[in-house]
Number of protein chains: 2
Amino acid sequence: MSDRPTWVEGAAGSGHDVDHLPLAVVAPSGGSPHVGVRVGDLVLDLGRLTGDPVHAAPSLNPFLARGRGTWEATRAAVVAALTDPARRSEVEPLLTPVDEVAALLPVEVADYVDFYCSRQHATNVGRLFRPDDPDPLPAAWRQLPIGYHGRAGTVVVSGTGVRRPRGQRPSYGPTEKLDLEAELGFVVGTPSTHGQPVATDDFRDHVFGVTLLNDWSARDVQAFEYRPLGPFLGKSFATSISAWVTPLAALDAARVPLPGQDPPPPAHLAVAEPAGYDVALEVLVDGEVVSRPPYAATYWSPAQMLAHLTAGGASLRTGDLYASGTVSGDGADEVGSLLELHRGERFLHDGAEVTLRATAPGALGGRIALGEVTGRVLPALGD
Amino acid sequence: MSDRPTWVEGAAGSGHDVDHLPLAVVAPSGGSPHVGVRVGDLVLDLGRLTGDPVHAAPSLNPFLARGRGTWEATRAAVVAALTDPARRSEVEPLLTPVDEVAALLPVEVADYVDFYCSRQHATNVGRLFRPDDPDPLPAAWRQLPIGYHGRAGTVVVSGTGVRRPRGQRPSYGPTEKLDLEAELGFVVGTPSTHGQPVATDDFRDHVFGVTLLNDWSARDVQAFEYRPLGPFLGKSFATSISAWVTPLAALDAARVPLPGQDPPPPAHLAVAEPAGYDVALEVLVDGEVVSRPPYAATYWSPAQMLAHLTAGGASLRTGDLYASGTVSGDGADEVGSLLELHRGERFLHDGAEVTLRATAPGALGGRIALGEVTGRVLPALGD
């Protein structure tokens, strides 16, 4: 991190100072998509700064595939350009107001995996879905981060409308229990070798950064279909991610110890502390904050999710996305789904606008503001 | 179908006459990968025949994306070239012996979904995994084809070795219950619109063809992890498909009515008969036939799987692959997994070679031979 402030006006204290620098694929009106870096309320055209054609691509994937060395060098180059007053006249023409560009889906998603890492969420859901079970947590829950594959082809960028899905509830019709799930998504850059597990210590070599993620869920469809192979149509209609990807490097100051794992995880899932991240989420419905889920309360860390995902030899590809599962804290106003917030009695209406936003401690002493993810519920087809 | 026989010697009765014509991506020694069509023991270089650069690609995806009109026109052009004696001298130089080319992964897999469509298999597994349940079939099983997303990034081509995975059984170590699952895989060519279900009647507009598929499974890992989100590491280490994709058009003569659906499916899953396919599979372990699963016995048809997959608005992409689930018939020697064959008591040893092969009635009166899928079990890492 530079010890000089940026010359970009308004960046200090905005959540987008040079300790953040999230990446997106942006398309200026009439221009072609390219990689942009946000600073203050401006977007820096990374391709024009570096002259590297990898940043002129319509997705982050080619850049992500270059690996951690390139990620770090590029970040250092951007910080240098934005903090050296002598470069202001050279760099200023490469900046565009963020509200003058469209931000596209940042990543060509390879495989998408969703986990179930919040003990509070898994407990709350277990009580609602399996009220007769004496232990609301599934038997394996404390032994491994439970996860499953979701649909990569329906991951959409923030701002995309989400059509209310039909499904069997058990009769076929529009879901009456459309829900949101507030999650963090982790974006893999560096691939791994098929057959070779990735150790928890190698997490930061493979994962480039973080998005916010709304795992839209049709609870009635999910409840009918999920035994024994897990969620399918209840989750596959849409998953929204933020357009801006926050580099892991920007979350260094947000690292915190996990809340504690009892029993200790098996050796191949052991992780060096601090392995958690203090990311404070907010869930907004129709502009009103309805919940504040604390990611720091999450039981399983992202390094453990990655190690588990590959522990059987499954390989990683550039563009793989894996998500934390719904983030819920201990408080009634800290849950990451309406299922939990309203005890299964109230869900999303047509036209509802759902927004997730989050902040985390940054290296400059303030808080960085992760890219928000928003989406409006469209009525079911034919309605 | 031409009423003239092919001039290719040895094609008649080989399972690879002009009523079959499966496609693969082949790489001749020292040459670049391109699309090939099999006839007899030869491979026709489709790019050189048609002059269309789409066939010079290292995957079938660009061709598949063109849609059904192109698939049919291309098939007709190949039949014409191989049955017109006047074209023999022109076409013969484009043929290479099949054992002189390497066949690569034919499809860049977008999303991979695995279903659970065999009533006999679901019943057998239900009895083994949930012996206390009075009805071995899950509650929703007759209402919809149960399915889940698998890992697209670990779909491998026939011939690839499969390393015995480690996993939590519940202690972490090499699986002691490595199994095979004999399935058909359906390859999507034509994409669909996000939010718009695909009707069962439109199945043949979207699905190009069929592979054989081995859904390798670690039963001990699967049993420990699968509640409540379904199989994950128990299935994600490898899924093998045949290199050769049989066009649906080649299976027209194999169409048969479904064995019967009771109760009738909901209206959006109703299907015009004949909706089934008479594909006779064989499972070989170390060269010995251990089972003969009849795909014709399968309860849910591929058109219904596709309609269900998209019923909530999930979109299709070119390269999507969805599989039938393990094919099991009524007989003890007709089951598609070792779990069923040996009642959970015997699984695959290191070095075991598993091969799936299949035939189906062809339009010329004989049987076509679907591309086989084979793979050898490699010992776990460190063993």
# chains A, B, ... in the order shown; residues from 1 in each chain; ligands from 1
>>> residues_around(residues="stretch 45-47 of chain A", least_positions_apart="2", cutoff="6 Å", atoms="only C-alpha atoms", output="list in words")
Val35, Gly36, Leu49, Thr50, Gly51, Asp52, His55, Ala56 and Leu94 of chain A
>>> interface_residues(of="chain A", to="chain B", cutoff="8 Å", atoms="only C-alpha atoms", output="mmCIF file with all heavy atoms, in the first residue's frame")
data_model
loop_
_atom_site.group_PDB
_atom_site.id
_atom_site.type_symbol
_atom_site.label_atom_id
_atom_site.label_comp_id
_atom_site.auth_asym_id
_atom_site.auth_seq_id
_atom_site.Cartn_x
_atom_site.Cartn_y
_atom_site.Cartn_z
ATOM 1 N N ALA A 110 -17.286 -20.789 -14.566
ATOM 2 C CA ALA A 110 -17.007 -22.177 -14.964
ATOM 3 C C ALA A 110 -17.949 -23.076 -14.153
ATOM 4 O O ALA A 110 -19.075 -23.314 -14.569
ATOM 5 C CB ALA A 110 -15.536 -22.502 -14.747
ATOM 6 N N ASP A 111 -17.530 -23.548 -12.983
ATOM 7 C CA ASP A 111 -18.453 -24.271 -12.105
ATOM 8 C C ASP A 111 -18.847 -23.369 -10.946
ATOM 9 O O ASP A 111 -18.043 -22.590 -10.443
ATOM 10 C CB ASP A 111 -17.811 -25.563 -11.569
ATOM 11 C CG ASP A 111 -18.048 -26.743 -12.493
ATOM 12 O OD1 ASP A 111 -19.225 -27.078 -12.728
ATOM 13 O OD2 ASP A 111 -17.063 -27.326 -12.991
ATOM 14 N N PRO A 138 -27.285 -31.077 10.268
ATOM 15 C CA PRO A 138 -27.049 -32.389 9.652
ATOM 16 C C PRO A 138 -25.839 -33.073 10.292
ATOM 17 O O PRO A 138 -24.921 -32.400 10.784
ATOM 18 C CB PRO A 138 -26.766 -32.034 8.181
ATOM 19 C CG PRO A 138 -27.411 -30.695 7.970
ATOM 20 C CD PRO A 138 -27.305 -29.980 9.286
ATOM 21 N N ALA A 139 -25.837 -34.402 10.281
ATOM 22 C CA ALA A 139 -24.816 -35.179 10.999
ATOM 23 C C ALA A 139 -23.388 -34.776 10.623
ATOM 24 O O ALA A 139 -22.515 -34.687 11.480
ATOM 25 C CB ALA A 139 -25.028 -36.673 10.733
ATOM 26 N N ALA A 140 -23.144 -34.533 9.337
ATOM 27 C CA ALA A 140 -21.776 -34.256 8.886
ATOM 28 C C ALA A 140 -21.398 -32.784 9.018
ATOM 29 O O ALA A 140 -20.263 -32.416 8.719
ATOM 30 C CB ALA A 140 -21.610 -34.699 7.431
ATOM 31 N N ILE A 146 -20.513 -28.471 4.158
ATOM 32 C CA ILE A 146 -21.450 -29.082 3.214
ATOM 33 C C ILE A 146 -21.670 -28.126 2.039
ATOM 34 O O ILE A 146 -21.806 -26.915 2.221
ATOM 35 C CB ILE A 146 -22.774 -29.408 3.931
ATOM 36 C CG1 ILE A 146 -22.559 -30.589 4.892
ATOM 37 C CG2 ILE A 146 -23.885 -29.728 2.933
ATOM 38 C CD1 ILE A 146 -23.792 -30.981 5.689
ATOM 39 N N GLY A 147 -21.682 -28.673 0.841
ATOM 40 C CA GLY A 147 -21.887 -27.854 -0.347
ATOM 41 C C GLY A 147 -22.494 -28.666 -1.465
ATOM 42 O O GLY A 147 -22.652 -29.888 -1.343
ATOM 43 N N TYR A 148 -22.855 -27.992 -2.538
ATOM 44 C CA TYR A 148 -23.421 -28.667 -3.712
ATOM 45 C C TYR A 148 -23.190 -27.769 -4.914
ATOM 46 O O TYR A 148 -22.929 -26.567 -4.773
ATOM 47 C CB TYR A 148 -24.933 -28.916 -3.507
ATOM 48 C CG TYR A 148 -25.752 -27.654 -3.540
ATOM 49 C CD1 TYR A 148 -26.496 -27.293 -4.668
ATOM 50 C CD2 TYR A 148 -25.725 -26.773 -2.466
ATOM 51 C CE1 TYR A 148 -27.199 -26.098 -4.713
ATOM 52 C CE2 TYR A 148 -26.424 -25.579 -2.500
ATOM 53 C CZ TYR A 148 -27.161 -25.253 -3.617
ATOM 54 O OH TYR A 148 -27.837 -24.066 -3.674
ATOM 55 N N HIS A 149 -23.289 -28.368 -6.089
ATOM 56 C CA HIS A 149 -23.121 -27.585 -7.312
ATOM 57 C C HIS A 149 -24.431 -26.895 -7.692
ATOM 58 O O HIS A 149 -25.491 -27.521 -7.656
ATOM 59 C CB HIS A 149 -22.660 -28.474 -8.459
ATOM 60 C CG HIS A 149 -21.217 -28.867 -8.370
ATOM 61 N ND1 HIS A 149 -20.791 -29.986 -7.699
ATOM 62 C CD2 HIS A 149 -20.098 -28.256 -8.830
ATOM 63 C CE1 HIS A 149 -19.465 -30.054 -7.763
ATOM 64 N NE2 HIS A 149 -19.018 -29.025 -8.448
ATOM 65 N N GLY A 150 -24.333 -25.634 -8.061
ATOM 66 C CA GLY A 150 -25.474 -24.900 -8.597
ATOM 67 C C GLY A 150 -25.292 -24.681 -10.092
ATOM 68 O O GLY A 150 -24.358 -25.198 -10.701
ATOM 69 N N ARG A 151 -26.217 -23.929 -10.672
ATOM 70 C CA ARG A 151 -26.199 -23.745 -12.127
ATOM 71 C C ARG A 151 -25.349 -22.528 -12.512
ATOM 72 O O ARG A 151 -25.704 -21.387 -12.196
ATOM 73 C CB ARG A 151 -27.621 -23.595 -12.657
ATOM 74 C CG ARG A 151 -27.694 -23.703 -14.182
ATOM 75 C CD ARG A 151 -29.088 -24.012 -14.680
ATOM 76 N NE ARG A 151 -29.113 -24.238 -16.112
ATOM 77 C CZ ARG A 151 -28.790 -25.377 -16.706
ATOM 78 N NH1 ARG A 151 -28.422 -26.419 -15.979
ATOM 79 N NH2 ARG A 151 -28.818 -25.505 -18.025
ATOM 80 N N ALA A 152 -24.252 -22.778 -13.196
ATOM 81 C CA ALA A 152 -23.353 -21.693 -13.590
ATOM 82 C C ALA A 152 -23.995 -20.802 -14.658
ATOM 83 O O ALA A 152 -23.762 -19.596 -14.693
ATOM 84 C CB ALA A 152 -22.038 -22.273 -14.112
ATOM 85 N N GLY A 153 -24.825 -21.395 -15.518
ATOM 86 C CA GLY A 153 -25.371 -20.668 -16.658
ATOM 87 C C GLY A 153 -26.417 -19.634 -16.302
ATOM 88 O O GLY A 153 -26.801 -18.825 -17.150
ATOM 89 N N THR A 154 -26.907 -19.659 -15.072
ATOM 90 C CA THR A 154 -27.910 -18.671 -14.665
ATOM 91 C C THR A 154 -27.367 -17.723 -13.592
ATOM 92 O O THR A 154 -28.139 -17.099 -12.874
ATOM 93 C CB THR A 154 -29.204 -19.357 -14.183
ATOM 94 O OG1 THR A 154 -28.878 -20.354 -13.213
ATOM 95 C CG2 THR A 154 -29.935 -20.021 -15.342
ATOM 96 N N ARG A 163 -37.077 -13.207 -12.801
ATOM 97 C CA ARG A 163 -38.460 -13.610 -13.013
ATOM 98 C C ARG A 163 -38.866 -14.655 -11.968
ATOM 99 O O ARG A 163 -38.135 -15.606 -11.724
ATOM 100 C CB ARG A 163 -38.622 -14.168 -14.436
ATOM 101 C CG ARG A 163 -40.070 -14.322 -14.842
ATOM 102 C CD ARG A 163 -40.248 -14.449 -16.344
ATOM 103 N NE ARG A 163 -39.918 -13.247 -17.099
ATOM 104 C CZ ARG A 163 -40.634 -12.123 -17.091
ATOM 105 N NH1 ARG A 163 -41.726 -12.022 -16.349
ATOM 106 N NH2 ARG A 163 -40.249 -11.102 -17.826
ATOM 107 N N PRO A 165 -40.024 -17.792 -10.585
ATOM 108 C CA PRO A 165 -40.066 -19.086 -11.278
ATOM 109 C C PRO A 165 -41.344 -19.862 -10.974
ATOM 110 O O PRO A 165 -41.943 -19.704 -9.911
ATOM 111 C CB PRO A 165 -38.863 -19.823 -10.693
ATOM 112 C CG PRO A 165 -38.737 -19.272 -9.312
ATOM 113 C CD PRO A 165 -39.152 -17.825 -9.394
ATOM 114 N N ARG A 166 -41.744 -20.672 -11.928
ATOM 115 C CA ARG A 166 -42.750 -21.694 -11.661
ATOM 116 C C ARG A 166 -42.046 -22.947 -11.153
ATOM 117 O O ARG A 166 -40.860 -23.144 -11.376
ATOM 118 C CB ARG A 166 -43.519 -22.030 -12.942
ATOM 119 C CG ARG A 166 -44.375 -20.882 -13.414
ATOM 120 C CD ARG A 166 -45.058 -21.161 -14.746
ATOM 121 N NE ARG A 166 -45.863 -20.006 -15.090
ATOM 122 C CZ ARG A 166 -47.133 -19.839 -14.702
ATOM 123 N NH1 ARG A 166 -47.756 -20.770 -14.012
ATOM 124 N NH2 ARG A 166 -47.786 -18.742 -15.022
ATOM 125 N N GLY A 167 -42.815 -23.795 -10.529
ATOM 126 C CA GLY A 167 -42.249 -25.048 -10.068
ATOM 127 C C GLY A 167 -43.336 -25.883 -9.431
ATOM 128 O O GLY A 167 -44.484 -25.420 -9.291
ATOM 129 N N SER A 171 -48.195 -28.744 -6.800
ATOM 130 C CA SER A 171 -48.794 -28.456 -8.115
ATOM 131 C C SER A 171 -47.923 -27.414 -8.810
ATOM 132 O O SER A 171 -47.255 -26.611 -8.153
ATOM 133 C CB SER A 171 -50.229 -27.954 -7.940
ATOM 134 O OG SER A 171 -50.213 -26.671 -7.363
ATOM 135 N N TYR A 172 -47.923 -27.436 -10.139
ATOM 136 C CA TYR A 172 -47.020 -26.584 -10.904
ATOM 137 C C TYR A 172 -47.583 -25.178 -11.029
ATOM 138 O O TYR A 172 -48.699 -24.994 -11.528
ATOM 139 C CB TYR A 172 -46.803 -27.184 -12.301
ATOM 140 C CG TYR A 172 -45.826 -26.421 -13.180
ATOM 141 C CD1 TYR A 172 -44.485 -26.288 -12.813
ATOM 142 C CD2 TYR A 172 -46.248 -25.849 -14.376
ATOM 143 C CE1 TYR A 172 -43.587 -25.609 -13.626
ATOM 144 C CE2 TYR A 172 -45.353 -25.165 -15.196
ATOM 145 C CZ TYR A 172 -44.024 -25.048 -14.798
ATOM 146 O OH TYR A 172 -43.139 -24.374 -15.609
ATOM 147 N N HIS A 194 -6.172 -31.692 -11.986
ATOM 148 C CA HIS A 194 -7.161 -32.736 -11.702
ATOM 149 C C HIS A 194 -6.483 -33.865 -10.923
ATOM 150 O O HIS A 194 -5.432 -34.355 -11.308
ATOM 151 C CB HIS A 194 -7.736 -33.262 -13.028
ATOM 152 C CG HIS A 194 -8.991 -34.063 -12.866
ATOM 153 N ND1 HIS A 194 -9.667 -34.611 -13.932
ATOM 154 C CD2 HIS A 194 -9.696 -34.413 -11.769
ATOM 155 C CE1 HIS A 194 -10.728 -35.259 -13.489
ATOM 156 N NE2 HIS A 194 -10.769 -35.153 -12.177
ATOM 157 N N GLY A 195 -7.109 -34.240 -9.806
ATOM 158 C CA GLY A 195 -6.570 -35.315 -8.977
ATOM 159 C C GLY A 195 -5.753 -34.813 -7.794
ATOM 160 O O GLY A 195 -5.426 -35.603 -6.906
ATOM 161 N N GLN A 196 -5.423 -33.525 -7.770
ATOM 162 C CA GLN A 196 -4.548 -32.962 -6.731
ATOM 163 C C GLN A 196 -5.329 -32.007 -5.839
ATOM 164 O O GLN A 196 -5.674 -30.913 -6.276
ATOM 165 C CB GLN A 196 -3.431 -32.147 -7.387
ATOM 166 C CG GLN A 196 -2.622 -32.908 -8.408
ATOM 167 C CD GLN A 196 -1.339 -33.480 -7.839
ATOM 168 O OE1 GLN A 196 -1.141 -33.447 -6.617
ATOM 169 N NE2 GLN A 196 -0.499 -34.012 -8.689
ATOM 170 N N PHE A 224 -40.134 -29.438 -1.842
ATOM 171 C CA PHE A 224 -40.739 -30.616 -2.468
ATOM 172 C C PHE A 224 -39.706 -31.492 -3.179
ATOM 173 O O PHE A 224 -39.853 -32.704 -3.258
ATOM 174 C CB PHE A 224 -41.819 -30.181 -3.464
ATOM 175 C CG PHE A 224 -42.592 -31.321 -4.077
ATOM 176 C CD1 PHE A 224 -43.355 -32.168 -3.277
ATOM 177 C CD2 PHE A 224 -42.550 -31.555 -5.436
ATOM 178 C CE1 PHE A 224 -44.057 -33.226 -3.832
ATOM 179 C CE2 PHE A 224 -43.256 -32.617 -6.003
ATOM 180 C CZ PHE A 224 -44.008 -33.451 -5.197
ATOM 181 N N GLU A 225 -38.661 -30.881 -3.711
ATOM 182 C CA GLU A 225 -37.759 -31.598 -4.618
ATOM 183 C C GLU A 225 -36.476 -32.118 -3.992
ATOM 184 O O GLU A 225 -35.783 -32.923 -4.606
ATOM 185 C CB GLU A 225 -37.345 -30.663 -5.766
ATOM 186 C CG GLU A 225 -36.321 -29.626 -5.299
ATOM 187 C CD GLU A 225 -35.855 -28.659 -6.370
ATOM 188 O OE1 GLU A 225 -36.199 -28.827 -7.541
ATOM 189 O OE2 GLU A 225 -35.133 -27.710 -5.999
ATOM 190 N N TYR A 226 -36.094 -31.633 -2.789
ATOM 191 C CA TYR A 226 -34.690 -31.734 -2.398
ATOM 192 C C TYR A 226 -34.234 -33.093 -1.864
ATOM 193 O O TYR A 226 -33.027 -33.294 -1.677
ATOM 194 C CB TYR A 226 -34.333 -30.622 -1.399
ATOM 195 C CG TYR A 226 -34.600 -30.927 0.044
ATOM 196 C CD1 TYR A 226 -33.566 -31.291 0.904
ATOM 197 C CD2 TYR A 226 -35.880 -30.856 0.565
ATOM 198 C CE1 TYR A 226 -33.807 -31.569 2.243
ATOM 199 C CE2 TYR A 226 -36.129 -31.125 1.895
ATOM 200 C CZ TYR A 226 -35.096 -31.476 2.728
ATOM 201 O OH TYR A 226 -35.325 -31.753 4.047
ATOM 202 N N ARG A 227 -35.144 -34.017 -1.624
ATOM 203 C CA ARG A 227 -34.713 -35.331 -1.140
ATOM 204 C C ARG A 227 -34.630 -36.302 -2.295
ATOM 205 O O ARG A 227 -35.598 -36.420 -3.045
ATOM 206 C CB ARG A 227 -35.693 -35.869 -0.093
ATOM 207 C CG ARG A 227 -35.612 -35.184 1.249
ATOM 208 C CD ARG A 227 -36.443 -35.948 2.266
ATOM 209 N NE ARG A 227 -36.311 -35.430 3.608
ATOM 210 C CZ ARG A 227 -37.143 -34.532 4.158
ATOM 211 N NH1 ARG A 227 -38.156 -34.047 3.469
ATOM 212 N NH2 ARG A 227 -36.953 -34.112 5.388
ATOM 213 N N PRO A 228 -33.557 -37.068 -2.499
ATOM 214 C CA PRO A 228 -32.321 -37.077 -1.721
ATOM 215 C C PRO A 228 -31.155 -36.368 -2.412
ATOM 216 O O PRO A 228 -30.053 -36.423 -1.904
ATOM 217 C CB PRO A 228 -32.014 -38.578 -1.650
ATOM 218 C CG PRO A 228 -32.477 -39.093 -2.986
ATOM 219 C CD PRO A 228 -33.623 -38.210 -3.424
ATOM 220 N N LEU A 229 -31.372 -35.688 -3.549
ATOM 221 C CA LEU A 229 -30.222 -35.189 -4.304
ATOM 222 C C LEU A 229 -29.967 -33.700 -4.130
ATOM 223 O O LEU A 229 -29.094 -33.138 -4.777
ATOM 224 C CB LEU A 229 -30.360 -35.559 -5.791
ATOM 225 C CG LEU A 229 -30.464 -37.070 -6.067
ATOM 226 C CD1 LEU A 229 -30.475 -37.347 -7.566
ATOM 227 C CD2 LEU A 229 -29.302 -37.829 -5.432
ATOM 228 N N GLY A 230 -30.745 -33.043 -3.240
ATOM 229 C CA GLY A 230 -30.465 -31.644 -2.942
ATOM 230 C C GLY A 230 -31.265 -30.676 -3.782
ATOM 231 O O GLY A 230 -32.094 -31.073 -4.602
ATOM 232 N N PRO A 231 -31.038 -29.365 -3.592
ATOM 233 C CA PRO A 231 -31.797 -28.333 -4.300
ATOM 234 C C PRO A 231 -31.505 -28.378 -5.798
ATOM 235 O O PRO A 231 -30.372 -28.633 -6.207
ATOM 236 C CB PRO A 231 -31.258 -27.024 -3.712
ATOM 237 C CG PRO A 231 -30.465 -27.385 -2.510
ATOM 238 C CD PRO A 231 -30.020 -28.796 -2.697
ATOM 239 N N PHE A 232 -32.511 -28.111 -6.604
ATOM 240 C CA PHE A 232 -32.322 -28.108 -8.060
ATOM 241 C C PHE A 232 -33.110 -26.920 -8.627
ATOM 242 O O PHE A 232 -32.606 -25.803 -8.649
ATOM 243 C CB PHE A 232 -32.763 -29.460 -8.618
ATOM 244 C CG PHE A 232 -32.502 -29.679 -10.076
ATOM 245 C CD1 PHE A 232 -31.376 -29.151 -10.676
ATOM 246 C CD2 PHE A 232 -33.379 -30.427 -10.862
ATOM 247 C CE1 PHE A 232 -31.135 -29.359 -12.033
ATOM 248 C CE2 PHE A 232 -33.148 -30.641 -12.209
ATOM 249 C CZ PHE A 232 -32.030 -30.106 -12.789
ATOM 250 N N LEU A 233 -34.388 -27.115 -9.000
ATOM 251 C CA LEU A 233 -35.144 -25.996 -9.570
ATOM 252 C C LEU A 233 -35.416 -24.889 -8.546
ATOM 253 O O LEU A 233 -35.641 -23.742 -8.924
ATOM 254 C CB LEU A 233 -36.473 -26.478 -10.151
ATOM 255 C CG LEU A 233 -36.420 -26.808 -11.647
ATOM 256 C CD1 LEU A 233 -35.480 -27.946 -11.939
ATOM 257 C CD2 LEU A 233 -37.800 -27.089 -12.185
ATOM 258 N N GLY A 234 -35.391 -25.238 -7.264
ATOM 259 C CA GLY A 234 -35.600 -24.233 -6.230
ATOM 260 C C GLY A 234 -34.516 -23.169 -6.200
ATOM 261 O O GLY A 234 -34.678 -22.118 -5.569
ATOM 262 N N SER A 236 -32.088 -22.962 -9.259
ATOM 263 C CA SER A 236 -31.360 -22.867 -10.535
ATOM 264 C C SER A 236 -31.847 -21.752 -11.445
ATOM 265 O O SER A 236 -31.260 -21.529 -12.499
ATOM 266 C CB SER A 236 -31.435 -24.204 -11.280
ATOM 267 O OG SER A 236 -32.768 -24.496 -11.655
ATOM 268 N N PHE A 237 -32.909 -21.040 -11.092
ATOM 269 C CA PHE A 237 -33.462 -20.044 -12.018
ATOM 270 C C PHE A 237 -32.618 -18.776 -12.086
ATOM 271 O O PHE A 237 -32.589 -18.113 -13.119
ATOM 272 C CB PHE A 237 -34.920 -19.717 -11.657
ATOM 273 C CG PHE A 237 -35.112 -19.274 -10.235
ATOM 274 C CD1 PHE A 237 -35.193 -17.932 -9.921
ATOM 275 C CD2 PHE A 237 -35.211 -20.203 -9.208
ATOM 276 C CE1 PHE A 237 -35.367 -17.509 -8.607
ATOM 277 C CE2 PHE A 237 -35.375 -19.796 -7.886
ATOM 278 C CZ PHE A 237 -35.454 -18.452 -7.595
ATOM 279 N N ALA A 238 -31.932 -18.404 -11.000
ATOM 280 C CA ALA A 238 -31.068 -17.217 -11.035
ATOM 281 C C ALA A 238 -30.237 -17.115 -9.770
ATOM 282 O O ALA A 238 -30.708 -17.428 -8.670
ATOM 283 C CB ALA A 238 -31.888 -15.931 -11.173
ATOM 284 N N PRO A 266 -10.850 -32.022 10.618
ATOM 285 C CA PRO A 266 -9.814 -33.005 10.283
ATOM 286 C C PRO A 266 -8.586 -32.297 9.715
ATOM 287 O O PRO A 266 -8.677 -31.161 9.243
ATOM 288 C CB PRO A 266 -10.494 -33.889 9.230
ATOM 289 C CG PRO A 266 -11.679 -33.128 8.743
ATOM 290 C CD PRO A 266 -12.086 -32.213 9.841
ATOM 291 N N LEU A 309 -13.625 -28.649 -1.339
ATOM 292 C CA LEU A 309 -14.076 -28.762 -2.742
ATOM 293 C C LEU A 309 -13.126 -29.611 -3.576
ATOM 294 O O LEU A 309 -13.551 -30.361 -4.466
ATOM 295 C CB LEU A 309 -14.171 -27.333 -3.299
ATOM 296 C CG LEU A 309 -14.405 -27.040 -4.767
ATOM 297 C CD1 LEU A 309 -15.604 -27.765 -5.302
ATOM 298 C CD2 LEU A 309 -14.586 -25.535 -4.966
ATOM 299 N N ALA A 311 -10.763 -31.759 -2.193
ATOM 300 C CA ALA A 311 -10.165 -32.839 -1.393
ATOM 301 C C ALA A 311 -10.300 -34.205 -2.055
ATOM 302 O O ALA A 311 -9.517 -35.119 -1.791
ATOM 303 C CB ALA A 311 -10.796 -32.876 0.002
ATOM 304 N N GLY A 312 -11.273 -34.359 -2.935
ATOM 305 C CA GLY A 312 -11.440 -35.614 -3.652
ATOM 306 C C GLY A 312 -10.725 -35.617 -4.995
ATOM 307 O O GLY A 312 -10.851 -36.579 -5.756
ATOM 308 N N GLY A 313 -10.033 -34.544 -5.297
ATOM 309 C CA GLY A 313 -9.297 -34.470 -6.556
ATOM 310 C C GLY A 313 -9.975 -33.633 -7.623
ATOM 311 O O GLY A 313 -9.436 -33.473 -8.720
ATOM 312 N N ALA A 314 -11.154 -33.089 -7.335
ATOM 313 C CA ALA A 314 -11.811 -32.208 -8.313
ATOM 314 C C ALA A 314 -10.898 -31.024 -8.593
ATOM 315 O O ALA A 314 -10.297 -30.460 -7.680
ATOM 316 C CB ALA A 314 -13.162 -31.729 -7.789
ATOM 317 N N SER A 315 -10.785 -30.676 -9.856
ATOM 318 C CA SER A 315 -9.902 -29.589 -10.263
ATOM 319 C C SER A 315 -10.647 -28.267 -10.281
ATOM 320 O O SER A 315 -11.873 -28.223 -10.372
ATOM 321 C CB SER A 315 -9.334 -29.889 -11.649
ATOM 322 O OG SER A 315 -10.353 -30.385 -12.492
ATOM 323 N N LEU A 316 -9.875 -27.184 -10.180
ATOM 324 C CA LEU A 316 -10.402 -25.828 -10.289
ATOM 325 C C LEU A 316 -10.118 -25.303 -11.689
ATOM 326 O O LEU A 316 -9.069 -25.591 -12.258
ATOM 327 C CB LEU A 316 -9.710 -24.905 -9.288
ATOM 328 C CG LEU A 316 -9.789 -25.300 -7.814
ATOM 329 C CD1 LEU A 316 -8.901 -24.369 -6.985
ATOM 330 C CD2 LEU A 316 -11.237 -25.254 -7.344
ATOM 331 N N ARG A 317 -11.059 -24.508 -12.187
ATOM 332 C CA ARG A 317 -10.830 -23.792 -13.442
ATOM 333 C C ARG A 317 -10.940 -22.290 -13.184
ATOM 334 O O ARG A 317 -11.641 -21.853 -12.270
ATOM 335 C CB ARG A 317 -11.869 -24.196 -14.493
ATOM 336 C CG ARG A 317 -11.722 -25.621 -14.970
ATOM 337 C CD ARG A 317 -12.744 -25.955 -16.047
ATOM 338 N NE ARG A 317 -14.101 -25.945 -15.530
ATOM 339 C CZ ARG A 317 -15.198 -26.032 -16.282
ATOM 340 N NH1 ARG A 317 -15.088 -26.123 -17.598
ATOM 341 N NH2 ARG A 317 -16.395 -26.037 -15.735
ATOM 342 N N LEU A 381 -44.061 -15.624 -15.722
ATOM 343 C CA LEU A 381 -44.538 -15.611 -17.107
ATOM 344 C C LEU A 381 -46.027 -15.921 -17.134
ATOM 345 O O LEU A 381 -46.490 -16.832 -16.453
ATOM 346 C CB LEU A 381 -43.824 -16.695 -17.914
ATOM 347 C CG LEU A 381 -42.514 -16.320 -18.581
ATOM 348 C CD1 LEU A 381 -42.102 -17.461 -19.493
ATOM 349 C CD2 LEU A 381 -42.620 -15.013 -19.343
#
>>> residues_around(residues="stretch 183-185 of chain B", least_positions_apart="2", cutoff="6 Å", atoms="only C-alpha atoms", output="count of residues only")
10
>>> atom_distance(atom1="atom CA of B:Asp215", atom2="atom CA of B:Ser301")
18.6 Å
>>> residues_around(residues="A:Ala270", least_positions_apart="4", cutoff="12 Å", atoms="only C-alpha atoms", output="list in words")
Gln143, Leu144, Ala199, Thr200, Asp201, Leu258, Gly260, Gln261, Pro263, Pro264, Pro265, Pro266, Pro274, Ala275, Trp300, Ser301, Pro302, Ala303, Gln304, Met305, Leu306, Ala307 and His308 of chain A
